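Peer 1: Sharing final.pdb, PDB, C-alpha atoms:
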ATOM      1  CA  MET E   1     -60.189  26.034   6.422  1.00  0.00           C
ATOM      2  CA  LEU E   2     -57.398  27.458   4.294  1.00  0.00           C
ATOM      3  CA  THR E   3     -57.337  31.209   3.775  1.00  0.00           C
ATOM      4  CA  ASN E   4     -56.580  32.684   0.407  1.00  0.00           C
ATOM      5  CA  THR E   5     -53.105  34.214   0.634  1.00  0.00           C
ATOM      6  CA  SER E   6     -53.802  36.975  -1.858  1.00  0.00           C
ATOM      7  CA  SER E   7     -56.899  38.122   0.021  1.00  0.00           C
ATOM      8  CA  VAL E   8     -54.964  38.155   3.319  1.00  0.00           C
ATOM      9  CA  LEU E   9     -52.197  40.270   1.831  1.00  0.00           C
ATOM     10  CA  LYS E  10     -54.720  42.623   0.301  1.00  0.00           C
ATOM     11  CA  ASN E  11     -56.479  43.081   3.635  1.00  0.00           C
ATOM     12  CA  ARG E  12     -53.133  43.585   5.398  1.00  0.00           C
ATOM     13  CA  ASN E  13     -52.046  46.239   2.936  1.00  0.00           C
ATOM     14  CA  ALA E  14     -55.386  48.004   3.369  1.00  0.00           C
ATOM     15  CA  GLN E  15     -54.902  48.065   7.160  1.00  0.00           C
ATOM     16  CA  LEU E  16     -51.373  49.456   6.809  1.00  0.00           C
ATOM     17  CA  ALA E  17     -52.661  52.171   4.510  1.00  0.00           C
ATOM     18  CA  ALA E  18     -55.400  53.000   7.045  1.00  0.00           C
ATOM     19  CA  ASP E  19     -52.852  53.249   9.884  1.00  0.00           C
ATOM     20  CA  GLN E  20     -50.745  55.624   7.836  1.00  0.00           C
ATOM     21  CA  LYS E  21     -53.841  57.764   7.208  1.00  0.00           C
ATOM     22  CA  PHE E  22     -54.433  57.927  10.989  1.00  0.00           C
ATOM     23  CA  ILE E  23     -50.892  59.159  11.518  1.00  0.00           C
ATOM     24  CA  ASP E  24     -51.152  61.766   8.783  1.00  0.00           C
ATOM     25  CA  GLY E  25     -54.456  63.069  10.127  1.00  0.00           C
ATOM     26  CA  LEU E  26     -53.214  63.285  13.743  1.00  0.00           C
ATOM     27  CA  ASN E  27     -50.112  65.175  12.672  1.00  0.00           C
ATOM     28  CA  LYS E  28     -52.232  67.586  10.678  1.00  0.00           C
ATOM     29  CA  HIS E  29     -54.698  68.236  13.528  1.00  0.00           C
ATOM     30  CA  SER E  30     -52.301  67.925  16.455  1.00  0.00           C
ATOM     31  CA  GLN E  31     -53.053  71.496  17.547  1.00  0.00           C
ATOM     32  CA  THR E  32     -56.766  70.767  17.707  1.00  0.00           C
ATOM     33  CA  ILE E  33     -56.621  67.259  19.166  1.00  0.00           C
ATOM     34  CA  THR E  34     -54.102  67.194  21.975  1.00  0.00           C
ATOM     35  CA  SER E  35     -55.363  63.985  23.607  1.00  0.00           C
ATOM     36  CA  LEU E  36     -57.968  61.259  23.244  1.00  0.00           C
ATOM     37  CA  VAL E  37     -59.516  58.731  25.620  1.00  0.00           C
ATOM     38  CA  ILE E  38     -59.089  55.225  24.145  1.00  0.00           C
ATOM     39  CA  GLY E  39     -60.179  52.144  26.093  1.00  0.00           C
ATOM     40  CA  GLY E  40     -60.668  54.212  29.248  1.00  0.00           C
ATOM     41  CA  THR E  41     -57.148  55.648  29.060  1.00  0.00           C
ATOM     42  CA  SER E  42     -56.321  59.214  28.097  1.00  0.00           C
ATOM     43  CA  LEU E  43     -53.545  59.333  25.534  1.00  0.00           C
ATOM     44  CA  THR E  44     -51.839  62.303  23.969  1.00  0.00           C
ATOM     45  CA  THR E  45     -51.684  62.734  20.250  1.00  0.00           C
ATOM     46  CA  ALA E  46     -47.961  62.004  20.254  1.00  0.00           C
ATOM     47  CA  ALA E  47     -48.517  58.715  22.136  1.00  0.00           C
ATOM     48  CA  ILE E  48     -51.235  57.669  19.730  1.00  0.00           C
ATOM     49  CA  ILE E  49     -48.988  58.439  16.761  1.00  0.00           C
ATOM     50  CA  GLY E  50     -46.177  56.420  18.420  1.00  0.00           C
ATOM     51  CA  ILE E  51     -48.410  53.345  18.781  1.00  0.00           C
ATOM     52  CA  LEU E  52     -49.552  53.574  15.171  1.00  0.00           C
ATOM     53  CA  GLN E  53     -45.970  54.023  13.966  1.00  0.00           C
ATOM     54  CA  ALA E  54     -44.905  50.914  15.898  1.00  0.00           C
ATOM     55  CA  ARG E  55     -47.589  48.940  14.028  1.00  0.00           C
ATOM     56  CA  LEU E  56     -46.265  50.186  10.716  1.00  0.00           C
ATOM     57  CA  ASP E  57     -42.636  49.431  11.634  1.00  0.00           C
ATOM     58  CA  ALA E  58     -43.510  45.876  12.668  1.00  0.00           C
ATOM     59  CA  ALA E  59     -45.470  45.322   9.471  1.00  0.00           C
ATOM     60  CA  ASN E  60     -42.654  46.653   7.310  1.00  0.00           C
ATOM     61  CA  ALA E  61     -40.139  44.464   9.147  1.00  0.00           C
ATOM     62  CA  ALA E  62     -42.369  41.439   8.622  1.00  0.00           C
ATOM     63  CA  GLN E  63     -42.681  42.172   4.913  1.00  0.00           C
ATOM     64  CA  SER E  64     -38.934  42.573   4.615  1.00  0.00           C
ATOM     65  CA  THR E  65     -38.360  39.373   6.558  1.00  0.00           C
ATOM     66  CA  ARG E  66     -40.956  37.546   4.459  1.00  0.00           C
ATOM     67  CA  ALA E  67     -39.294  38.689   1.244  1.00  0.00           C
ATOM     68  CA  ALA E  68     -35.954  37.472   2.576  1.00  0.00           C
ATOM     69  CA  TRP E  69     -37.547  34.175   3.603  1.00  0.00           C
ATOM     70  CA  LEU E  70     -39.098  33.715   0.174  1.00  0.00           C
ATOM     71  CA  ASN E  71     -35.730  34.382  -1.423  1.00  0.00           C
ATOM     72  CA  ALA E  72     -34.103  31.886   0.925  1.00  0.00           C
ATOM     73  CA  VAL E  73     -36.761  29.259   0.154  1.00  0.00           C
ATOM     74  CA  LYS E  74     -36.295  29.753  -3.582  1.00  0.00           C
ATOM     75  CA  ALA E  75     -32.508  29.476  -3.269  1.00  0.00           C
ATOM     76  CA  ASP E  76     -32.927  26.261  -1.254  1.00  0.00           C
ATOM     77  CA  LYS E  77     -35.226  24.689  -3.858  1.00  0.00           C
ATOM     78  CA  ASP E  78     -32.904  25.641  -6.700  1.00  0.00           C
ATOM     79  CA  GLU E  79     -29.853  24.220  -4.946  1.00  0.00           C
ATOM     80  CA  ARG E  80     -31.582  20.953  -4.074  1.00  0.00           C
ATOM     81  CA  ALA E  81     -32.806  20.532  -7.639  1.00  0.00           C
ATOM     82  CA  LYS E  82     -29.315  21.244  -9.004  1.00  0.00           C
ATOM     83  CA  THR E  83     -27.588  18.713  -6.727  1.00  0.00           C
ATOM     84  CA  ARG E  84     -30.279  15.988  -6.728  1.00  0.00           C
ATOM     85  CA  THR E  85     -28.461  13.884  -9.339  1.00  0.00           C
ATOM     86  CA  PHE E  86     -25.161  14.306  -7.500  1.00  0.00           C
ATOM     87  CA  ARG E  87     -26.647  13.114  -4.215  1.00  0.00           C
ATOM     88  CA  ALA E  88     -28.208  10.059  -5.862  1.00  0.00           C
ATOM     89  CA  GLY E  89     -24.849   9.198  -7.437  1.00  0.00           C
ATOM     90  CA  LEU E  90     -23.100   9.565  -4.075  1.00  0.00           C
ATOM     91  CA  ARG E  91     -25.581   7.217  -2.420  1.00  0.00           C
ATOM     92  CA  GLN E  92     -25.109   4.620  -5.134  1.00  0.00           C
ATOM     93  CA  ALA E  93     -21.307   4.881  -4.962  1.00  0.00           C
ATOM     94  CA  LEU E  94     -21.279   4.368  -1.200  1.00  0.00           C
ATOM     95  CA  GLN E  95     -23.548   1.330  -1.442  1.00  0.00           C
ATOM     96  CA  VAL E  96     -21.244  -0.189  -4.041  1.00  0.00           C
ATOM     97  CA  ALA E  97     -18.071   0.654  -2.082  1.00  0.00           C
ATOM     98  CA  PHE E  98     -19.386  -0.817   1.183  1.00  0.00           C
ATOM     99  CA  ALA E  99     -21.609  -3.539  -0.234  1.00  0.00           C
ATOM    100  CA  GLY E 100     -22.161  -6.271   2.363  1.00  0.00           C
ATOM    101  CA  SER E 101     -20.806  -4.152   5.232  1.00  0.00           C
ATOM    102  CA  ILE E 102     -23.788  -3.249   7.381  1.00  0.00           C
ATOM    103  CA  ASP E 103     -21.774  -1.318   9.958  1.00  0.00           C
ATOM    104  CA  ALA E 104     -19.941   0.803   7.392  1.00  0.00           C
ATOM    105  CA  LEU E 105     -23.144   1.634   5.575  1.00  0.00           C
ATOM    106  CA  ALA E 106     -24.803   2.535   8.874  1.00  0.00           C
ATOM    107  CA  ASP E 107     -22.111   5.204   9.388  1.00  0.00           C
ATOM    108  CA  PHE E 108     -23.558   6.970   6.348  1.00  0.00           C
ATOM    109  CA  GLY E 109     -27.150   6.350   7.380  1.00  0.00           C
ATOM    110  CA  LEU E 110     -27.545   3.707   4.676  1.00  0.00           C
ATOM    111  CA  THR E 111     -28.718   0.107   4.673  1.00  0.00           C
ATOM    112  CA  PRO E 112     -27.702  -2.715   2.328  1.00  0.00           C
ATOM    113  CA  ARG E 113     -29.750  -3.166  -0.773  1.00  0.00           C
ATOM    114  CA  LYS E 114     -32.313  -5.916  -0.606  1.00  0.00           C
ATOM    115  CA  PRO E 115     -32.114  -8.367  -3.490  1.00  0.00           C
ATOM    116  CA  ARG E 116     -35.107  -8.163  -5.716  1.00  0.00           C
ATOM    117  CA  VAL E 117     -37.056 -11.394  -5.704  1.00  0.00           C
ATOM    118  CA  VAL E 118     -39.548 -11.979  -8.489  1.00  0.00           C
ATOM    119  CA  THR E 119     -41.966 -14.847  -8.027  1.00  0.00           C
ATOM    120  CA  PRO E 120     -42.838 -17.147 -10.944  1.00  0.00           C
ATOM    121  CA  GLU E 121     -46.386 -15.814 -10.850  1.00  0.00           C
ATOM    122  CA  LYS E 122     -45.137 -12.263 -11.330  1.00  0.00           C
ATOM    123  CA  LYS E 123     -42.835 -13.365 -14.142  1.00  0.00           C
ATOM    124  CA  ALA E 124     -45.690 -15.123 -15.930  1.00  0.00           C
ATOM    125  CA  ALA E 125     -47.988 -12.134 -15.455  1.00  0.00           C
ATOM    126  CA  ALA E 126     -45.312  -9.764 -16.774  1.00  0.00           C
ATOM    127  CA  ALA E 127     -44.690 -11.980 -19.810  1.00  0.00           C
ATOM    128  CA  ALA E 128     -48.420 -12.205 -20.571  1.00  0.00           C
ATOM    129  CA  LYS E 129     -48.799  -8.464 -20.238  1.00  0.00           C
ATOM    130  CA  ALA E 130     -45.827  -7.838 -22.530  1.00  0.00           C
ATOM    131  CA  LYS E 131     -47.248 -10.236 -25.120  1.00  0.00           C
ATOM    132  CA  ALA E 132     -50.658  -8.566 -24.976  1.00  0.00           C
ATOM    133  CA  THR E 133     -49.027  -5.170 -25.310  1.00  0.00           C
ATOM    134  CA  ARG E 134     -47.086  -6.275 -28.395  1.00  0.00           C
ATOM    135  CA  ALA E 135     -50.258  -7.665 -29.934  1.00  0.00           C
ATOM    136  CA  ALA E 136     -52.194  -4.467 -29.208  1.00  0.00           C
ATOM    137  CA  ARG E 137     -49.430  -2.336 -30.723  1.00  0.00           C
ATOM    138  CA  HIS E 138     -48.924  -4.750 -33.650  1.00  0.00           C
ATOM    139  CA  THR E 139     -45.246  -5.025 -32.762  1.00  0.00           C
ATOM    140  CA  MET E 140     -43.352  -7.477 -34.952  1.00  0.00           C
ATOM    141  CA  GLY E 141     -39.935  -9.078 -34.659  1.00  0.00           C
ATOM    142  CA  LYS E 142     -37.216  -9.260 -37.314  1.00  0.00           C
ATOM    143  CA  LYS E 143     -38.463 -12.570 -38.737  1.00  0.00           C
ATOM    144  CA  GLN E 144     -42.053 -11.359 -38.931  1.00  0.00           C
ATOM    145  CA  LYS E 145     -40.968  -8.164 -40.653  1.00  0.00           C
ATOM    146  CA  ALA E 146     -38.808 -10.137 -43.108  1.00  0.00           C
ATOM    147  CA  GLU E 147     -41.788 -12.290 -44.111  1.00  0.00           C
ATOM    148  CA  ILE E 148     -43.796  -9.258 -45.205  1.00  0.00           C
ATOM    149  CA  LYS E 149     -43.137  -8.404 -48.841  1.00  0.00           C
ATOM    150  CA  GLY E 150     -44.648  -5.735 -51.013  1.00  0.00           C
ATOM    151  CA  THR E 151     -46.513  -6.631 -54.211  1.00  0.00           C
ATOM    152  CA  VAL E 152     -46.680  -4.641 -57.443  1.00  0.00           C
ATOM    153  CA  PRO E 153     -50.040  -4.763 -59.284  1.00  0.00           C
ATOM    154  CA  ALA E 154     -49.800  -6.460 -62.694  1.00  0.00           C
ATOM    155  CA  THR E 155     -50.407  -4.234 -65.721  1.00  0.00           C
ATOM    156  CA  ALA E 156     -51.804  -5.471 -69.122  1.00  0.00           C
ATOM    157  CA  PRO E 157     -49.218  -5.319 -71.992  1.00  0.00           C
ATOM    158  CA  ALA E 158     -49.799  -2.613 -74.563  1.00  0.00           C
ATOM    159  CA  THR E 159     -51.217  -3.944 -77.847  1.00  0.00           C
ATOM    160  CA  SER E 160     -51.077  -2.416 -81.342  1.00  0.00           C
ATOM    161  CA  PRO E 161     -54.311  -1.785 -83.302  1.00  0.00           C
ATOM    162  CA  ALA E 162     -53.308  -4.420 -85.909  1.00  0.00           C
ATOM    163  CA  ALA E 163     -52.746  -7.037 -83.244  1.00  0.00           C
ATOM    164  CA  SER E 164     -56.004  -6.226 -81.519  1.00  0.00           C
ATOM    165  CA  ALA E 165     -58.051  -6.571 -84.748  1.00  0.00           C
ATOM    166  CA  PRO E 166     -59.697 -10.002 -85.173  1.00  0.00           C
ATOM    167  CA  ALA E 167     -58.047 -12.374 -87.692  1.00  0.00           C
ATOM    168  CA  ALA E 168     -59.816 -12.728 -91.077  1.00  0.00           C
ATOM    169  CA  GLN E 169     -61.656 -16.006 -91.448  1.00  0.00           C
ATOM    170  CA  PRO E 170     -61.056 -17.925 -94.761  1.00  0.00           C
ATOM    171  CA  VAL E 171     -64.057 -17.992 -97.150  1.00  0.00           C
ATOM    172  CA  THR E 172     -65.002 -21.498 -98.330  1.00  0.00           C
ATOM    173  CA  ALA E 173     -66.906 -21.802-101.653  1.00  0.00           C
ATOM    174  CA  PRO E 174     -69.965 -24.043-101.482  1.00  0.00           C
ATOM    175  CA  VAL E 175     -69.468 -27.481-103.057  1.00  0.00           C
ATOM    176  CA  ALA E 176     -72.195 -28.651-105.472  1.00  0.00           C
ATOM    177  CA  PRO E 177     -73.726 -31.976-104.464  1.00  0.00           C
ATOM    178  CA  ALA E 178     -72.796 -34.992-106.643  1.00  0.00           C
ATOM    179  CA  ILE E 179     -75.499 -36.105-109.106  1.00  0.00           C
ATOM    180  CA  PRO E 180     -76.166 -39.812-108.782  1.00  0.00           C
ATOM    181  CA  VAL E 181     -75.581 -41.882-111.960  1.00  0.00           C
ATOM    182  CA  ALA E 182     -78.424 -44.158-113.027  1.00  0.00           C
ATOM    183  CA  PRO E 183     -77.313 -47.683-113.890  1.00  0.00           C
ATOM    184  CA  THR E 184     -77.352 -48.448-117.660  1.00  0.00           C
ATOM    185  CA  ALA E 185     -79.343 -51.460-118.773  1.00  0.00           C
ATOM    186  CA  PRO E 186     -77.393 -53.884-120.937  1.00  0.00           C
ATOM    187  CA  VAL E 187     -78.289 -53.791-124.657  1.00  0.00           C
ATOM    188  CA  ALA E 188     -79.159 -57.128-126.232  1.00  0.00           C
ATOM    189  CA  PRO E 189     -77.480 -57.880-129.563  1.00  0.00           C
ATOM    190  CA  ALA E 190     -79.729 -57.396-132.538  1.00  0.00           C
ATOM    191  CA  PRO E 191     -80.605 -60.444-134.684  1.00  0.00           C
ATOM    192  CA  ALA E 192     -78.914 -60.894-138.039  1.00  0.00           C
ATOM    193  CA  GLY E 193     -80.403 -58.845-140.794  1.00  0.00           C
ATOM    194  CA  GLU E 194     -81.865 -56.207-138.389  1.00  0.00           C
ATOM    195  CA  ALA E 195     -80.492 -52.804-138.001  1.00  0.00           C
ATOM    196  CA  THR E 196     -78.617 -52.190-134.851  1.00  0.00           C
ATOM    197  CA  PRO E 197     -80.275 -49.432-132.832  1.00  0.00           C
ATOM    198  CA  SER E 198     -78.125 -46.497-131.923  1.00  0.00           C
ATOM    199  CA  PRO E 199     -77.069 -46.430-128.359  1.00  0.00           C
ATOM    200  CA  ALA E 200     -78.933 -44.186-126.012  1.00  0.00           C
ATOM    201  CA  LEU E 201     -77.193 -40.975-125.149  1.00  0.00           C
ATOM    202  CA  PRO E 202     -76.222 -40.730-121.540  1.00  0.00           C
ATOM    203  CA  ALA E 203     -77.888 -38.250-119.365  1.00  0.00           C
ATOM    204  CA  PRO E 204     -76.031 -35.041-118.720  1.00  0.00           C
ATOM    205  CA  GLY E 205     -73.465 -35.392-115.994  1.00  0.00           C
ATOM    206  CA  THR E 206     -73.184 -39.217-116.442  1.00  0.00           C
ATOM    207  CA  THR E 207     -70.371 -41.308-117.856  1.00  0.00           C
ATOM    208  CA  PRO E 208     -71.320 -43.211-121.051  1.00  0.00           C
ATOM    209  CA  ALA E 209     -71.361 -46.977-120.681  1.00  0.00           C
ATOM    210  CA  THR E 210     -69.028 -49.050-122.828  1.00  0.00           C
ATOM    211  CA  GLN E 211     -70.876 -51.314-125.230  1.00  0.00           C
ATOM    212  CA  PRO E 212     -69.680 -54.830-125.552  1.00  0.00           C
ATOM    213  CA  LYS E 213     -67.994 -55.777-128.774  1.00  0.00           C
ATOM    214  CA  SER E 214     -69.903 -58.232-131.193  1.00  0.00           C
TER     215      SER E 214
END
How would this structure read if it were set down as structure tokens?
Peer 2:
Amino acid sequence: MLTNTSSVLKNRNAQLAADQKFIDGLNKHSQTITSLVIGGTSLTTAAIIGILQARLDAANAAQSTRAAWLNAVKADKDERAKTRTFRAGLRQALQVAFAGSIDALADFGLTPRKPRVVTPEKKAAAAAKAKATRAARHTMGKKQKAEIKGTVPATAPATSPAASAPAAQPVTAPVAPAIPVAPTAPVAPAPAGEATPSPALPAPGTTPATQPKS
């Protein structure tokens, strides 16, 4: 079970503070308490203070050493991060310089690069995945992009009020129906010595018939 580091440090600092309180109290009451029996052994006040002081000195040394260790760890991480790219470049340069030479590469702790072999199944799967990805992202090539053209909506031409008004229709006068002409009966010639009757007047709207000459 992992212990919380902050709680451990807090408890440690509390113990160090308690030890220092013991030392301060013993120094203050050294005339009253000259010795104490601890664990079946009689110890003088000076001896007790010496043991407590040794605890404090060891703790302070540990804290100082820990701070130095933390600083050293931080410096190590920073240096490794700063030179990571350089080390990778060095490895690549050595593999190129001694490509195919197993013994020479072994002197640097390196091994030859293994050629990458891609099976047809993997190639087909990669191609299918790439195609599906392009379809999902609606990725288009140059030809597909060139085929897409923008369209401008057509607008109706502006018309003047005179042009928009309907054209006047010509007015046609009604034509009177033709009156049929009744046929004229021929007039028989009058006998000699009788008066010739006057011809009948034609009806209105009819053309008079021409009488035959005697």
Peer 1: For the provided coordinates, the residues matched by the PyMOL selection byres ((chain E and resi 16) around 12) should be stated as a ChimeraX atom specification.
Peer 2: /E:9-15,17-23,52-60,63
Peer 1: What is the CA of Leu90 in chain E to CA of Leu105 in chain E distance in Å?
Peer 2: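 About the pair CA of Leu90 in chain E and CA of Leu105 in chain E: they are 12.5 Å apart.
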Peer 1: Could you tell me how far CA of Glu147 in chain E lies from CA of Lys129 in chain E, in Å and to one decimal?
Peer 2: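 The value is 25.2 Å.
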Peer 1: Determine the nearest neighbour of Gln95 in chain E from the options E:Arg80, E:Lys145, E:Ala68, E:Arg113, counting only C-alpha atoms.
Peer 2: E:Arg113
Peer 1: Mind giving me the straight-line distance from CA of Phe86 in chain E to CA of Leu110 in chain E in Å, one decimal?
Peer 2: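 A separation of 16.3 Å between them.
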Peer 1: For the structure shown, which residues end up in the PyMOL selection byres ((chain E and resi 27) around 12)? Put them as a PDB file with C-alpha atoms, in the coordinates of the input, please?
Peer 2:
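That gives us result_24.pdb:
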ATOM      1  CA  GLN E  20     -50.745  55.624   7.836  1.00  0.00           C
ATOM      2  CA  LYS E  21     -53.841  57.764   7.208  1.00  0.00           C
ATOM      3  CA  PHE E  22     -54.433  57.927  10.989  1.00  0.00           C
ATOM      4  CA  ILE E  23     -50.892  59.159  11.518  1.00  0.00           C
ATOM      5  CA  ASP E  24     -51.152  61.766   8.783  1.00  0.00           C
ATOM      6  CA  GLY E  25     -54.456  63.069  10.127  1.00  0.00           C
ATOM      7  CA  LEU E  26     -53.214  63.285  13.743  1.00  0.00           C
ATOM      8  CA  LYS E  28     -52.232  67.586  10.678  1.00  0.00           C
ATOM      9  CA  HIS E  29     -54.698  68.236  13.528  1.00  0.00           C
ATOM     10  CA  SER E  30     -52.301  67.925  16.455  1.00  0.00           C
ATOM     11  CA  GLN E  31     -53.053  71.496  17.547  1.00  0.00           C
ATOM     12  CA  THR E  32     -56.766  70.767  17.707  1.00  0.00           C
ATOM     13  CA  ILE E  33     -56.621  67.259  19.166  1.00  0.00           C
ATOM     14  CA  THR E  34     -54.102  67.194  21.975  1.00  0.00           C
ATOM     15  CA  THR E  44     -51.839  62.303  23.969  1.00  0.00           C
ATOM     16  CA  THR E  45     -51.684  62.734  20.250  1.00  0.00           C
ATOM     17  CA  ALA E  46     -47.961  62.004  20.254  1.00  0.00           C
ATOM     18  CA  ALA E  47     -48.517  58.715  22.136  1.00  0.00           C
ATOM     19  CA  ILE E  48     -51.235  57.669  19.730  1.00  0.00           C
ATOM     20  CA  ILE E  49     -48.988  58.439  16.761  1.00  0.00           C
ATOM     21  CA  GLY E  50     -46.177  56.420  18.420  1.00  0.00           C
ATOM     22  CA  LEU E  52     -49.552  53.574  15.171  1.00  0.00           C
ATOM     23  CA  GLN E  53     -45.970  54.023  13.966  1.00  0.00           C
TER      24      GLN E  53
END
